[in-house]
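upload_24.cif follows; it contains mmCIF, C-alpha atoms.
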data_query
loop_
_atom_site.group_PDB
_atom_site.id
_atom_site.type_symbol
_atom_site.label_atom_id
_atom_site.label_comp_id
_atom_site.auth_asym_id
_atom_site.auth_seq_id
_atom_site.Cartn_x
_atom_site.Cartn_y
_atom_site.Cartn_z
ATOM 1 C CA MET A 1 210.351 284.447 201.321
ATOM 2 C CA GLU A 2 212.821 282.008 199.795
ATOM 3 C CA LYS A 3 211.075 279.242 197.856
ATOM 4 C CA ILE A 4 211.408 275.733 199.264
ATOM 5 C CA LEU A 5 213.612 273.614 197.005
ATOM 6 C CA SER A 6 212.283 270.352 195.632
ATOM 7 C CA ALA A 7 214.006 267.271 197.012
ATOM 8 C CA ARG A 8 215.052 264.869 194.233
ATOM 9 C CA PHE A 9 213.874 261.778 196.064
ATOM 10 C CA HIS A 10 214.294 259.543 193.006
ATOM 11 C CA PHE A 11 218.068 260.070 193.293
ATOM 12 C CA TYR A 12 218.275 259.308 197.008
ATOM 13 C CA ARG A 13 219.408 255.813 197.900
ATOM 14 C CA HIS A 14 217.732 254.241 200.938
ATOM 15 C CA GLU A 15 220.437 255.376 203.363
ATOM 16 C CA ALA A 16 220.465 258.908 201.954
ATOM 17 C CA HIS A 17 216.669 259.138 201.987
ATOM 18 C CA CYS A 18 216.566 258.121 205.644
ATOM 19 C CA GLU A 19 219.340 260.554 206.530
ATOM 20 C CA TYR A 20 217.545 263.406 204.749
ATOM 21 C CA MET A 21 214.215 262.747 206.462
ATOM 22 C CA ASP A 22 215.990 262.507 209.809
ATOM 23 C CA THR A 23 217.570 265.900 209.133
ATOM 24 C CA VAL A 24 214.193 267.417 208.228
ATOM 25 C CA CYS A 25 212.580 266.129 211.422
ATOM 26 C CA GLY A 26 215.484 267.537 213.422
ATOM 27 C CA LEU A 27 215.025 270.962 211.841
ATOM 28 C CA VAL A 28 211.293 271.010 212.583
ATOM 29 C CA VAL A 29 211.978 270.265 216.256
ATOM 30 C CA LYS A 30 214.333 273.269 216.435
ATOM 31 C CA PHE A 31 211.566 275.656 215.297
ATOM 32 C CA PRO A 32 208.539 275.359 217.646
ATOM 33 C CA ALA A 33 206.472 277.766 215.549
ATOM 34 C CA VAL A 34 207.004 275.623 212.475
ATOM 35 C CA ARG A 35 206.262 272.398 214.330
ATOM 36 C CA ALA A 36 202.993 273.818 215.661
ATOM 37 C CA VAL A 37 201.776 274.394 212.106
ATOM 38 C CA VAL A 38 202.719 270.919 210.855
ATOM 39 C CA GLU A 39 202.198 268.860 214.010
ATOM 40 C CA PRO A 40 200.071 266.107 212.349
ATOM 41 C CA GLN A 41 202.419 265.813 209.383
ATOM 42 C CA TYR A 42 205.491 265.877 211.594
ATOM 43 C CA ASP A 43 204.125 263.104 213.821
ATOM 44 C CA ALA A 44 203.302 260.983 210.771
ATOM 45 C CA LEU A 45 206.724 261.583 209.234
ATOM 46 C CA ALA A 46 208.533 260.776 212.489
ATOM 47 C CA ALA A 47 206.614 257.503 212.814
ATOM 48 C CA LEU A 48 207.389 256.545 209.228
ATOM 49 C CA LEU A 49 211.035 257.455 209.787
ATOM 50 C CA GLU A 50 211.231 254.945 212.627
ATOM 51 C CA ARG A 51 209.690 252.326 210.348
ATOM 52 C CA GLN A 52 212.230 253.152 207.664
ATOM 53 C CA LYS A 53 215.091 252.796 210.126
ATOM 54 C CA GLN A 54 213.799 249.371 211.166
ATOM 55 C CA LEU A 55 213.689 248.218 207.552
ATOM 56 C CA LEU A 56 217.181 249.586 206.932
ATOM 57 C CA ASN A 57 218.496 247.664 209.917
ATOM 58 C CA VAL A 58 217.002 244.481 208.482
ATOM 59 C CA MET A 59 218.618 245.208 205.110
ATOM 60 C CA ARG A 60 221.983 245.885 206.721
ATOM 61 C CA LYS A 61 221.857 242.573 208.553
ATOM 62 C CA SER A 62 220.906 240.644 205.436
ATOM 63 C CA ASN A 63 223.314 237.840 204.630
ATOM 64 C CA CYS A 64 222.137 237.662 201.032
ATOM 65 C CA THR A 65 222.143 241.206 199.655
ATOM 66 C CA ARG A 66 225.797 241.200 198.580
ATOM 67 C CA PRO A 67 225.885 237.535 197.412
ATOM 68 C CA VAL A 68 222.806 238.137 195.232
ATOM 69 C CA ALA A 69 224.442 241.179 193.615
ATOM 70 C CA GLU A 70 227.696 239.263 193.075
ATOM 71 C CA ALA A 71 225.892 236.253 191.598
ATOM 72 C CA ASP A 72 223.885 238.544 189.304
ATOM 73 C CA GLY A 73 227.145 240.180 188.235
ATOM 74 C CA ARG A 74 228.513 236.787 187.202
ATOM 75 C CA VAL A 75 225.433 236.208 185.043
ATOM 76 C CA ASP A 76 225.849 239.653 183.466
ATOM 77 C CA ARG A 77 229.522 239.012 182.736
ATOM 78 C CA ALA A 78 228.658 235.728 181.044
ATOM 79 C CA LEU A 79 225.989 237.414 178.929
ATOM 80 C CA VAL A 80 228.236 240.290 177.936
ATOM 81 C CA GLY A 81 231.174 237.987 177.252
ATOM 82 C CA MET A 82 229.075 235.715 175.068
ATOM 83 C CA ARG A 83 227.730 238.627 173.065
ATOM 84 C CA GLY A 84 231.280 239.893 172.640
ATOM 85 C CA ALA A 85 232.404 236.482 171.391
ATOM 86 C CA ILE A 86 229.492 236.362 168.962
ATOM 87 C CA ALA A 87 230.313 239.881 167.733
ATOM 88 C CA THR A 88 233.881 238.773 167.105
ATOM 89 C CA ALA A 89 232.704 235.692 165.212
ATOM 90 C CA LEU A 90 230.765 237.965 162.872
ATOM 91 C CA HIS A 91 234.156 239.016 161.466
ATOM 92 C CA HIS A 92 235.461 235.448 161.046
ATOM 93 C CA PHE A 93 237.104 234.486 157.773
ATOM 94 C CA ASP A 94 234.910 231.363 157.520
ATOM 95 C CA PRO A 95 231.496 232.308 156.099
ATOM 96 C CA ASP A 96 229.849 229.389 157.921
ATOM 97 C CA VAL A 97 231.010 230.836 161.230
ATOM 98 C CA VAL A 98 229.664 234.247 160.245
ATOM 99 C CA VAL A 99 226.254 232.782 159.393
ATOM 100 C CA ALA A 100 226.146 230.888 162.688
ATOM 101 C CA ALA A 101 227.168 233.996 164.629
ATOM 102 C CA GLN A 102 224.457 236.057 162.956
ATOM 103 C CA ALA A 103 221.838 233.494 163.936
ATOM 104 C CA LEU A 104 222.999 233.622 167.548
ATOM 105 C CA MET A 105 223.111 237.427 167.558
ATOM 106 C CA ASN A 106 219.542 237.519 166.266
ATOM 107 C CA ARG A 107 218.454 235.166 169.039
ATOM 108 C CA PHE A 108 220.099 237.350 171.676
ATOM 109 C CA GLY A 109 218.479 240.421 170.166
ATOM 110 C CA ALA A 110 215.029 238.871 170.440
ATOM 111 C CA PHE A 111 215.304 239.033 174.224
ATOM 112 C CA GLY A 112 216.261 242.721 174.345
ATOM 113 C CA GLN A 113 218.615 244.155 176.968
ATOM 114 C CA ILE A 114 218.806 241.101 179.233
ATOM 115 C CA VAL A 115 221.230 242.631 181.746
ATOM 116 C CA ARG A 116 218.781 245.482 182.422
ATOM 117 C CA LYS A 117 215.900 243.222 183.367
ATOM 118 C CA SER A 118 214.792 242.578 186.944
ATOM 119 C CA TYR A 119 216.162 239.548 188.749
ATOM 120 C CA GLU A 120 212.975 237.569 188.138
ATOM 121 C CA GLU A 121 212.694 238.520 184.455
ATOM 122 C CA LYS A 122 216.374 237.848 183.838
ATOM 123 C CA THR A 123 216.114 234.359 185.356
ATOM 124 C CA VAL A 124 213.272 233.436 183.020
ATOM 125 C CA VAL A 125 215.030 234.837 179.955
ATOM 126 C CA VAL A 126 218.414 233.265 180.720
ATOM 127 C CA ASN A 127 216.864 229.842 181.289
ATOM 128 C CA LEU A 128 215.010 230.131 177.973
ATOM 129 C CA LEU A 129 218.193 231.254 176.232
ATOM 130 C CA VAL A 130 220.277 228.416 177.667
ATOM 131 C CA ALA A 131 217.619 225.906 176.614
ATOM 132 C CA ASP A 132 217.713 227.333 173.078
ATOM 133 C CA LEU A 133 221.493 227.180 172.931
ATOM 134 C CA ARG A 134 221.689 223.653 174.322
ATOM 135 C CA SER A 135 219.302 222.096 171.848
ATOM 136 C CA GLY A 136 217.276 222.793 168.768
ATOM 137 C CA GLU A 137 218.283 225.022 165.876
ATOM 138 C CA TYR A 138 220.816 227.046 167.890
ATOM 139 C CA ALA A 139 222.898 224.129 169.182
ATOM 140 C CA GLY A 140 224.620 223.878 165.808
ATOM 141 C CA PRO A 141 225.593 227.567 165.629
ATOM 142 C CA VAL A 142 226.959 227.349 169.179
ATOM 143 C CA GLU A 143 229.227 224.484 168.160
ATOM 144 C CA VAL A 144 230.310 226.145 164.909
ATOM 145 C CA THR A 145 231.262 229.391 166.690
ATOM 146 C CA GLY A 146 232.998 227.584 169.554
ATOM 147 C CA LEU A 147 230.720 229.027 172.249
ATOM 148 C CA THR A 148 230.013 225.798 174.121
ATOM 149 C CA ASP A 149 232.129 226.899 177.103
ATOM 150 C CA TRP A 150 230.278 230.215 177.265
ATOM 151 C CA VAL A 151 226.938 228.414 177.381
ATOM 152 C CA THR A 152 228.255 226.207 180.176
ATOM 153 C CA GLU A 153 229.417 229.268 182.127
ATOM 154 C CA LEU A 154 226.095 231.057 181.635
ATOM 155 C CA GLU A 155 224.193 228.000 182.806
ATOM 156 C CA ALA A 156 226.428 227.623 185.872
ATOM 157 C CA ALA A 157 226.187 231.331 186.692
ATOM 158 C CA GLU A 158 222.389 231.277 186.500
ATOM 159 C CA SER A 159 222.237 228.146 188.636
ATOM 160 C CA ALA A 160 224.423 229.781 191.295
ATOM 161 C CA PHE A 161 222.296 232.921 191.177
ATOM 162 C CA GLY A 162 219.101 230.904 191.543
ATOM 163 C CA ALA A 163 220.375 229.250 194.713
ATOM 164 C CA VAL A 164 221.344 232.557 196.341
ATOM 165 C CA PHE A 165 218.167 234.304 195.203
ATOM 166 C CA GLU A 166 216.026 231.525 196.656
ATOM 167 C CA GLN A 167 217.802 231.940 199.978
ATOM 168 C CA ARG A 168 217.140 235.672 199.872
ATOM 169 C CA SER A 169 213.456 235.031 199.172
ATOM 170 C CA ILE A 170 213.271 232.808 202.242
ATOM 171 C CA GLU A 171 215.033 235.459 204.297
ATOM 172 C CA ARG A 172 212.714 238.216 203.097
ATOM 173 C CA SER A 173 209.642 236.164 203.968
ATOM 174 C CA GLN A 174 210.858 236.270 207.557
ATOM 175 C CA GLN A 175 211.415 240.042 207.583
ATOM 176 C CA PRO A 176 209.000 242.594 209.098
ATOM 177 C CA GLN A 177 205.869 243.416 207.100
ATOM 178 C CA GLY A 178 206.067 246.224 204.587
ATOM 179 C CA ARG A 179 208.484 247.205 201.875
ATOM 180 C CA MET A 180 210.915 250.061 201.847
ATOM 181 C CA ARG A 181 209.468 251.407 198.600
ATOM 182 C CA ASP A 182 205.988 251.733 200.113
ATOM 183 C CA VAL A 183 207.343 253.464 203.215
ATOM 184 C CA ARG A 184 209.378 255.881 201.124
ATOM 185 C CA ARG A 185 206.402 256.726 198.921
ATOM 186 C CA GLU A 186 204.269 257.498 201.974
ATOM 187 C CA MET A 187 207.047 259.563 203.550
ATOM 188 C CA ASN A 188 207.472 261.614 200.390
ATOM 189 C CA ALA A 189 203.772 262.390 200.297
ATOM 190 C CA VAL A 190 203.738 263.487 203.958
ATOM 191 C CA TYR A 191 206.876 265.586 203.389
ATOM 192 C CA ARG A 192 205.224 267.432 200.503
ATOM 193 C CA GLN A 193 202.122 268.111 202.581
ATOM 194 C CA MET A 194 204.305 269.439 205.374
ATOM 195 C CA THR A 195 206.391 271.754 203.169
ATOM 196 C CA ALA A 196 203.218 273.040 201.463
ATOM 197 C CA ARG A 197 201.789 274.027 204.861
ATOM 198 C CA ILE A 198 205.058 275.681 205.841
ATOM 199 C CA GLY A 199 205.126 277.641 202.592
ATOM 200 C CA ALA A 200 201.573 278.865 203.136
ATOM 201 C CA ALA A 201 202.196 279.806 206.777
ATOM 202 C CA ALA A 202 205.367 281.674 205.865
ATOM 203 C CA LEU A 203 203.337 284.222 203.908
ATOM 204 C CA THR A 204 202.106 285.683 207.196
ATOM 205 C CA ASP A 205 205.392 285.218 209.093
ATOM 206 C CA ALA A 206 206.134 288.256 211.276
ATOM 207 C CA ASP A 207 209.351 287.406 213.115
ATOM 208 C CA GLY A 208 211.219 285.607 210.317
ATOM 209 C CA ALA A 209 211.210 282.164 211.944
ATOM 210 C CA TYR A 210 209.912 280.523 208.781
ATOM 211 C CA ASP A 211 212.505 282.285 206.649
ATOM 212 C CA ARG A 212 215.300 280.902 208.827
ATOM 213 C CA PHE A 213 213.784 277.431 208.730
ATOM 214 C CA VAL A 214 213.390 277.474 204.948
ATOM 215 C CA ALA A 215 216.949 278.742 204.461
ATOM 216 C CA LEU A 216 218.324 275.857 206.547
ATOM 217 C CA LEU A 217 216.060 273.330 204.849
ATOM 218 C CA ASN A 218 217.134 274.525 201.410
ATOM 219 C CA THR A 219 220.792 274.254 202.378
ATOM 220 C CA GLU A 220 220.296 270.633 203.384
ATOM 221 C CA THR A 221 218.151 269.856 200.337
ATOM 222 C CA ALA A 222 220.678 271.381 197.943
ATOM 223 C CA TYR A 223 223.434 269.301 199.512
ATOM 224 C CA PHE A 224 221.486 266.041 199.230
ATOM 225 C CA ASN A 225 220.383 266.811 195.674
ATOM 226 C CA VAL A 226 223.991 267.268 194.582
ATOM 227 C CA HIS A 227 225.755 264.657 196.664
ATOM 228 C CA THR A 228 223.319 261.809 196.163
ATOM 229 C CA HIS A 229 222.903 262.136 192.390
ATOM 230 C CA HIS A 230 226.262 260.518 191.703
ATOM 231 C CA ARG A 231 225.241 257.597 193.914
ATOM 232 C CA ALA A 232 222.370 256.671 191.624
ATOM 233 C CA VAL A 233 223.666 253.593 189.801
ATOM 234 C CA ARG A 234 223.784 254.155 186.067
ATOM 235 C CA ASP A 235 223.820 251.327 183.555
ATOM 236 C CA LEU A 236 226.588 251.197 180.961
ATOM 237 C CA GLY A 237 224.594 248.552 179.125
ATOM 238 C CA ALA A 238 221.673 250.885 178.405
ATOM 239 C CA GLY A 239 221.323 251.660 174.719
ATOM 240 C CA GLY A 240 223.754 254.407 173.773
ATOM 241 C CA ALA A 241 224.485 255.353 177.386
ATOM 242 C CA CYS A 242 228.159 254.402 177.273
ATOM 243 C CA VAL A 243 229.948 256.147 174.432
ATOM 244 C CA ILE A 244 233.354 254.589 173.758
ATOM 245 C CA GLU A 245 235.869 256.284 171.508
ATOM 246 C CA PRO A 246 237.173 254.121 168.652
ATOM 247 C CA VAL A 247 240.312 252.203 169.584
ATOM 248 C CA ALA A 248 243.236 252.653 167.213
ATOM 249 C CA VAL A 249 244.562 249.696 165.272
ATOM 250 C CA GLN A 250 247.072 247.834 167.442
ATOM 251 C CA ALA A 251 250.264 246.125 166.293
ATOM 252 C CA TYR A 252 250.673 242.385 166.756
ATOM 253 C CA THR A 253 253.316 241.639 169.405
ATOM 254 C CA GLY A 254 252.780 237.973 170.157
ATOM 255 C CA ARG A 255 251.494 238.947 173.583
ATOM 256 C CA ALA A 256 248.156 240.193 174.907
ATOM 257 C CA VAL A 257 247.323 243.673 173.628
ATOM 258 C CA THR A 258 245.527 245.689 176.313
ATOM 259 C CA PRO A 259 244.618 249.261 175.318
ATOM 260 C CA ILE A 260 242.405 251.220 177.731
ATOM 261 C CA PRO A 261 239.632 252.973 175.795
ATOM 262 C CA ALA A 262 238.346 256.457 176.544
ATOM 263 C CA ALA A 263 234.636 256.530 177.329
ATOM 264 C CA CYS A 264 231.888 258.750 178.673
ATOM 265 C CA TYR A 265 228.394 258.257 180.052
ATOM 266 C CA ARG A 266 225.641 260.007 178.104
ATOM 267 C CA GLU A 267 222.376 260.807 179.858
ATOM 268 C CA LYS A 268 219.517 262.675 178.205
ATOM 269 C CA GLY A 269 219.346 266.307 179.241
ATOM 270 C CA ARG A 270 222.779 266.283 180.915
ATOM 271 C CA GLU A 271 226.357 266.881 179.861
ATOM 272 C CA ASP A 272 228.440 263.791 179.076
ATOM 273 C CA VAL A 273 230.340 262.472 182.082
ATOM 274 C CA GLU A 274 233.870 261.255 181.444
ATOM 275 C CA LEU A 275 234.387 257.734 182.777
ATOM 276 C CA VAL A 276 237.610 257.160 184.682
ATOM 277 C CA PHE A 277 239.333 253.791 184.404
ATOM 278 C CA ALA A 278 239.592 251.890 187.726
ATOM 279 C CA ARG A 279 237.134 254.272 189.378
ATOM 280 C CA ASP A 280 234.100 254.023 187.090
ATOM 281 C CA PHE A 281 234.935 250.869 185.136
ATOM 282 C CA HIS A 282 237.379 248.034 184.719
ATOM 283 C CA VAL A 283 238.054 246.076 181.536
ATOM 284 C CA THR A 284 238.395 242.530 180.295
ATOM 285 C CA TYR A 285 239.567 241.365 176.872
ATOM 286 C CA ARG A 286 238.755 238.647 174.369
ATOM 287 C CA HIS A 287 240.811 237.475 171.384
ATOM 288 C CA ASN A 288 243.468 240.104 172.075
ATOM 289 C CA VAL A 289 246.628 238.116 171.288
ATOM 290 C CA ARG A 290 246.435 237.079 167.654
ATOM 291 C CA CYS A 291 245.782 239.183 164.575
ATOM 292 C CA GLY A 292 242.143 239.918 163.929
ATOM 293 C CA MET A 293 239.312 241.651 165.758
ATOM 294 C CA ALA A 294 239.656 241.836 169.548
ATOM 295 C CA VAL A 295 236.988 242.792 172.066
ATOM 296 C CA ILE A 296 237.213 245.067 175.096
ATOM 297 C CA VAL A 297 234.425 244.805 177.669
ATOM 298 C CA LEU A 298 233.930 247.765 180.009
ATOM 299 C CA HIS A 299 232.386 246.662 183.298
ATOM 300 C CA GLY A 300 230.819 249.379 185.431
ATOM 301 C CA LYS A 301 231.909 249.861 189.029
ATOM 302 C CA GLY A 302 231.280 252.410 191.754
ATOM 303 C CA GLY A 303 228.301 254.446 190.575
ATOM 304 C CA TYR A 304 227.940 252.401 187.384
ATOM 305 C CA ARG A 305 226.733 248.911 186.575
ATOM 306 C CA GLY A 306 226.286 246.799 183.467
ATOM 307 C CA ALA A 307 228.781 246.542 180.641
ATOM 308 C CA ALA A 308 229.545 247.861 177.175
ATOM 309 C CA THR A 309 231.849 246.551 174.461
ATOM 310 C CA VAL A 310 234.098 247.904 171.753
ATOM 311 C CA THR A 311 236.200 246.085 169.179
ATOM 312 C CA PHE A 312 239.615 246.887 167.778
ATOM 313 C CA ALA A 313 241.918 245.392 165.169
ATOM 314 C CA ILE A 314 245.270 243.717 165.754
ATOM 315 C CA VAL A 315 247.453 243.616 162.638
ATOM 316 C CA ALA A 316 250.945 242.436 161.826
ATOM 317 C CA ASP A 317 253.490 245.050 160.764
ATOM 318 C CA GLY A 318 254.206 245.049 157.082
#
Reformat the file's structure so that it appears as C-alpha cells.
Amino acid sequence: MEKILSARFHFYRHEAHCEYMDTVCGLVVKFPAVRAVVEPQYDALAALLERQKQLLNVMRKSNCTRPVAEADGRVDRALVGMRGAIATALHHFDPDVVVAAQALMNRFGAFGQIVRKSYEEKTVVVNLLVADLRSGEYAGPVEVTGLTDWVTELEAAESAFGAVFEQRSIERSQQPQGRMRDVRREMNAVYRQMTARIGAAALTDADGAYDRFVALLNTETAYFNVHTHHRAVRDLGAGGACVIEPVAVQAYTGRAVTPIPAACYREKGREDVELVFARDFHVTYRHNVRCGMAVIVLHGKGGYRGAATVTFAIVADG
C-alpha cells in the first residue's frame, strides 16, 4: 500500500489549514469503509473543523487585523530606517559623528532583532529605546548624528500602533472562547490518530478501498505541501536570511541615484530563492543624492516581511 504522506501543518496558514481539513473530511465521507474504521476520530475532527470555521469567520470580520499589521509595518520601517541612518553615519568624515553613531549602534544591538519580536515584546523594547534616545547618555549622540526626526517618527509610529493594538485587544476579548492555535493543535493530533488507524486497517484491505483513499489523500496532501509553503511569511530581517549582492559604485549625477540590488532569500536546508523586485520586495533610499555612502532598504512584500539594508558609494567622476 502507498504510504500516507505527512502534512506539513507548520506551513499551512489558517485558511489553508481549514481548507485541507475540510478536504480530508470530504474524502472520508466518500469512503464508507474508511469512515467506519475512524468514526470517533472523524466525528471529533468534523466538530473541530466547525469550530475552526467559526474562528476564521471572526478573524475575517475583524476591523483591526489589517490596521495592526500596517501600524506594525510603520514601526518596522522607522526602526530599519534609523539603523540605516546610523550605519551611514559610521562612515561620516567627522570623527565625533562616527563615535556618536557607534554608541547608538551598540544600543540598538543590545536589544537584538527588534523587528522579529512579538507585538508585545516589540512595544516594550521600542518604548525603552525611545526613552533612551530622548534623554540620558544617548540624547547627545542622537543630536550629533542628526537623528532627532527619526526618533520622533519612531515614537509617533509606536504611539499609533499602541492605539490600534489596544482596540484589537478589546475586540478579541469580545470574541468566542478559544484560540485558533489551540484548535489547530487539537485537529492535528486527531488527524494523526485517524491516519494511523487508516494505515493499520489498510494492511488487511481486500477490495482496495483503502488504497484508493490513500492515493487521493496523498494527492491532496502533496498539493497543499507545495502550494502553501510559499505562503509562509519569511523575514528578510532575520540574520543572514536576505543575501544582497554588492552594489557597484555609482556616479554622482546631482539627482537621486536609485539602483535596484539583486538579492536572494537563504533558508537552512533549502536552495537560495531569488527575490524579485516589486513582487517580493520594494526599496527605499537614504542619502542617495550627494557623494558618499548611500543606503538601500529592501522591504519584504507578498510572502516576505521585515527589511534588510545594503550600502553603496556615490562618487564624482574624475
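Atom CA of His299 of chain A to atom CA of Glu70 of chain A spans 13.1 Å [interatomic distance, one decimal].
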**Message:** Show me the residues around (233.3, 247.4, 166.1) - criterion: an atom at most 12 Å away, all atoms listed in the file counted - as number ranges by chain.
**Reply:** A: 84, 87-91, 244-249, 292-297, 308-313
**Message:** Translate the PyMOL selection byres ((chain A and resi 288) around 6) into a concrete residue list for this structure, as a list of chain:residue names.
**Reply:**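 Against this file, the PyMOL selection byres ((chain A and resi 288) around 6) returns the residues A:Ala256, A:Val257, A:Arg286, A:His287, A:Val289, A:Ala294.
The nearest approach to Ala131 of chain A among the residues A:Val98, A:Val190, A:Ile114, A:Val151, with only C-alpha atoms taken into account, belongs to A:Val151.
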**Using only C-alpha atoms: which of A:Val276, A:Ala222, A:Ala251, A:Leu79 has the shortest distance to Ala157 of chain A** = A:Leu79
Arg74 of chain A surroundings by all atoms listed in the file, 12 Å radius, close-in-sequence under 3 positions cut, as a tab-separated table (two decimals) with C-alpha atoms, in the frame of the given file:
chain	number	residue	atom	x	y	z
A	67	PRO	CA	225.88	237.54	197.41
A	68	VAL	CA	222.81	238.14	195.23
A	69	ALA	CA	224.44	241.18	193.62
A	70	GLU	CA	227.70	239.26	193.08
A	71	ALA	CA	225.89	236.25	191.60
A	77	ARG	CA	229.52	239.01	182.74
A	78	ALA	CA	228.66	235.73	181.04
A	79	LEU	CA	225.99	237.41	178.93
A	80	VAL	CA	228.24	240.29	177.94
A	81	GLY	CA	231.17	237.99	177.25
A	115	VAL	CA	221.23	242.63	181.75
A	153	GLU	CA	229.42	229.27	182.13
A	154	LEU	CA	226.10	231.06	181.64
A	155	GLU	CA	224.19	228.00	182.81
A	156	ALA	CA	226.43	227.62	185.87
A	157	ALA	CA	226.19	231.33	186.69
A	158	GLU	CA	222.39	231.28	186.50
A	159	SER	CA	222.24	228.15	188.64
A	160	ALA	CA	224.42	229.78	191.30
A	161	PHE	CA	222.30	232.92	191.18
A	162	GLY	CA	219.10	230.90	191.54
A	299	HIS	CA	232.39	246.66	183.30
A	306	GLY	CA	226.29	246.80	183.47
A	307	ALA	CA	228.78	246.54	180.64
**Residues returned when the PyMOL selection byres ((chain A and resi 199-212) around 8) runs on this file, as a list in words** = Met1, Glu2, Lys3, Ile4, Phe31, Ala33, Val34, Val37, Thr195, Ala196, Arg197, Ile198, Phe213, Val214, Ala215 and Leu216 of chain A
**Request:** Starting from the displayed file, determine the output of the PyMOL selection byres ((chain A and resi 317) around 8) and express the residue list as a VMD selection string.
**Result:** chain A and resid 251 to 252 315 to 316 318
Would you put the residues from that selection into a file with C-alpha atoms, as a PDB file, in the coordinates of the input?
ATOM      1  CA  ALA A 251     250.264 246.125 166.293  1.00  0.00           C
ATOM      2  CA  TYR A 252     250.673 242.385 166.756  1.00  0.00           C
ATOM      3  CA  VAL A 315     247.453 243.616 162.638  1.00  0.00           C
ATOM      4  CA  ALA A 316     250.945 242.436 161.826  1.00  0.00           C
ATOM      5  CA  GLY A 318     254.206 245.049 157.082  1.00  0.00           C
TER       6      GLY A 318
END
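Coordinates place atom CA of Gly73 of chain A at a distance of 25.6 Å from atom CA of Glu143 of chain A.
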**Prompt:** What is the atom CA of Met105 of chain A-atom CA of Arg83 of chain A distance in Å, reported with one decimal?
**Reply:**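 Answer for the atom CA of Met105 of chain A to atom CA of Arg83 of chain A separation: 7.3 Å.
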**Within-12 Å shell of (224.0, 236.0, 159.2) in input frame, all atoms listed in the file, as a list in words** =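 Here the neighbourhood of the point contains Ile86, Ala87, Ala89, Leu90, His91, His92, Asp94, Pro95, Asp96, Val97, Val98, Val99, Ala100, Ala101, Gln102, Ala103, Leu104, Met105, Asn106, Arg107 and Pro141 of chain A.
Distance annotation: of A:Arg51, A:Lys268, A:Arg290, A:Lys301, the residue with the minimal separation from Arg255 of chain A is A:Arg290; atom set is only C-alpha atoms.
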**Item:** From A:Leu128, A:Val273, A:Ala85, A:Ala263, residue lying nearest Asp149 of chain A [all atoms listed in the file]
**Value:**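 Under the stated criterion, the closest residue is A:Ala85.
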**Message:** With distances taken over all atoms listed in the file, which residue among A:Leu5, A:Val29, A:Val130, A:Ile314 lies nearest Tyr42 of chain A?
**Reply:**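 Under the stated criterion, the closest residue is A:Val29.
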**Item:** Selected residue, from A:Met194, A:Gln167, A:Ala278, A:Glu121, that lies nearest to Arg35 of chain A when counting all atoms listed in the file
**Value:**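 Of A:Met194, A:Gln167, A:Ala278, A:Glu121, the one nearest Arg35 of chain A is A:Met194, counting all atoms listed in the file.
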